[in-house]
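Engineer: Have a look at the structure that comes next, please.
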Amino acid sequence: MSELMHIIYASKATIDFPKDDIVALLEKARNKNESLNVTGMLLFDDGSFLQVLEGEEETVDRLFSEISSDSRHNKIVKIISEAIPERQFNDWTMGYASIIT
C-alpha cells in the first residue's frame, strides 16, 4: 500500500465558471474521487482555485498530473506535496466552499 499524502495547489481559470459549471465540475470530481478513494477540499473565488487532494501517493500524483493538463486552468502552483498521518477531509470526496461574498 502506498503512503497517504496530500497535495495542495492553486490555479487560475482560463474560462468563466458560473455557479452551474462549478456544480457540474464538483459532481464529476466527487464521482471520480470516490472511485479513486481520494478526499479533499476545493475553494473558488473570482476565477482562482485552491484545492487539497488526499489519498494514496500514486493516486494523488496521477490525479494532480491529469488536473495539471486540463486546459480549463493554468498558472498551476503546487504549494505542498507531503506525506500525512491521516486525512483531514475523510468524509468528503470533494468538499467545496465558495469564498465569493
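Following the order of the C-alpha cells, chains are lettered A, B, ..., residues in each are numbered from 1, and ligands are numbered from 1.
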Show me, as a PDB file with C-alpha atoms, in the first residue's frame, the residues that have an atom within 10 Å of A:Val60 when counting only C-alpha atoms, minus same-chain residues fewer than 4 positions from it.
Structural biologist:
```pdb
ATOM      1  CA  LEU A   4      -1.034   8.583   2.442  1.00  0.00           C
ATOM      2  CA  MET A   5      -0.290  12.096   1.197  1.00  0.00           C
ATOM      3  CA  HIS A   6      -1.844  15.395   0.250  1.00  0.00           C
ATOM      4  CA  ILE A   7      -1.190  17.892  -2.490  1.00  0.00           C
ATOM      5  CA  ASN A  33     -12.614  10.888  -6.352  1.00  0.00           C
ATOM      6  CA  LEU A  36     -10.163   6.572  -6.537  1.00  0.00           C
ATOM      7  CA  ASN A  37     -10.555   6.832  -2.733  1.00  0.00           C
ATOM      8  CA  VAL A  38      -9.438  10.469  -2.878  1.00  0.00           C
ATOM      9  CA  THR A  39     -10.770  13.094  -0.473  1.00  0.00           C
ATOM     10  CA  LEU A  53      -6.262  16.315  -2.625  1.00  0.00           C
ATOM     11  CA  GLU A  54      -5.715  13.457  -0.150  1.00  0.00           C
ATOM     12  CA  GLY A  55      -5.119   9.798  -0.801  1.00  0.00           C
ATOM     13  CA  GLU A  56      -2.530   7.198  -1.662  1.00  0.00           C
ATOM     14  CA  PHE A  64      -2.692  16.003  -9.979  1.00  0.00           C
ATOM     15  CA  SER A  65      -0.973  15.264 -13.284  1.00  0.00           C
ATOM     16  CA  GLU A  66      -4.373  14.964 -15.003  1.00  0.00           C
ATOM     17  CA  SER A  81       3.096  17.832  -1.510  1.00  0.00           C
TER      18      SER A  81
END
```
Engineer: Name the residues in contact with A:Asp16 at a cut-off of 10 Å, using only C-alpha atoms, excluding same-chain residues fewer than 6 positions from it; report them as a CSV table (one decimal) with C-alpha atoms, in the first residue's frame.
Structural biologist:
```csv
chain,number,residue,atom,x,y,z
A,22,ILE,CA,-18.9,24.7,-10.7
A,46,ASP,CA,-13.1,35.1,-8.8
A,47,GLY,CA,-11.5,32.6,-11.2
A,72,ARG,CA,-9.7,25.0,-18.1
```
Engineer: Taking the DSSP assignment computed from this structure's backbone, write out as number ranges by chain all residues of stretch 17-85 of chain A that belong to strand (DSSP E).
Structural biologist: A: 39-45, 48-56, 73-83
Engineer: Could you save the residues just selected, with C-alpha atoms, as a CSV table (one decimal), in the first residue's frame?
Structural biologist:
```csv
chain,number,residue,atom,x,y,z
A,39,THR,CA,-10.8,13.1,-0.5
A,40,GLY,CA,-10.2,16.8,-0.4
A,41,MET,CA,-11.5,20.4,-0.5
A,42,LEU,CA,-12.0,22.9,-3.3
A,43,LEU,CA,-12.1,26.7,-2.7
A,44,PHE,CA,-13.1,29.0,-5.6
A,45,ASP,CA,-13.1,32.8,-5.8
A,48,SER,CA,-9.0,31.3,-8.7
A,49,PHE,CA,-8.9,27.8,-7.3
A,50,LEU,CA,-7.2,26.4,-4.2
A,51,GLN,CA,-7.5,22.6,-3.9
A,52,VAL,CA,-6.5,19.9,-1.4
A,53,LEU,CA,-6.3,16.3,-2.6
A,54,GLU,CA,-5.7,13.5,-0.1
A,55,GLY,CA,-5.1,9.8,-0.8
A,56,GLU,CA,-2.5,7.2,-1.7
A,73,HIS,CA,-7.0,26.4,-15.9
A,74,ASN,CA,-3.4,27.5,-15.9
A,75,LYS,CA,-0.8,29.1,-13.6
A,76,ILE,CA,-0.9,25.9,-11.5
A,77,VAL,CA,1.3,26.2,-8.4
A,78,LYS,CA,1.9,23.2,-6.2
A,79,ILE,CA,2.0,24.7,-2.7
A,80,ILE,CA,2.5,21.5,-0.7
A,81,SER,CA,3.1,17.8,-1.5
A,82,GLU,CA,3.8,15.7,1.5
A,83,ALA,CA,3.0,12.6,3.5
```
Engineer: Just checking: using only C-alpha atoms, which residue out of A:Thr59, A:Ser2, A:Ser68, A:Asn31 ends up closest to A:Thr93?
Structural biologist: A:Asn31
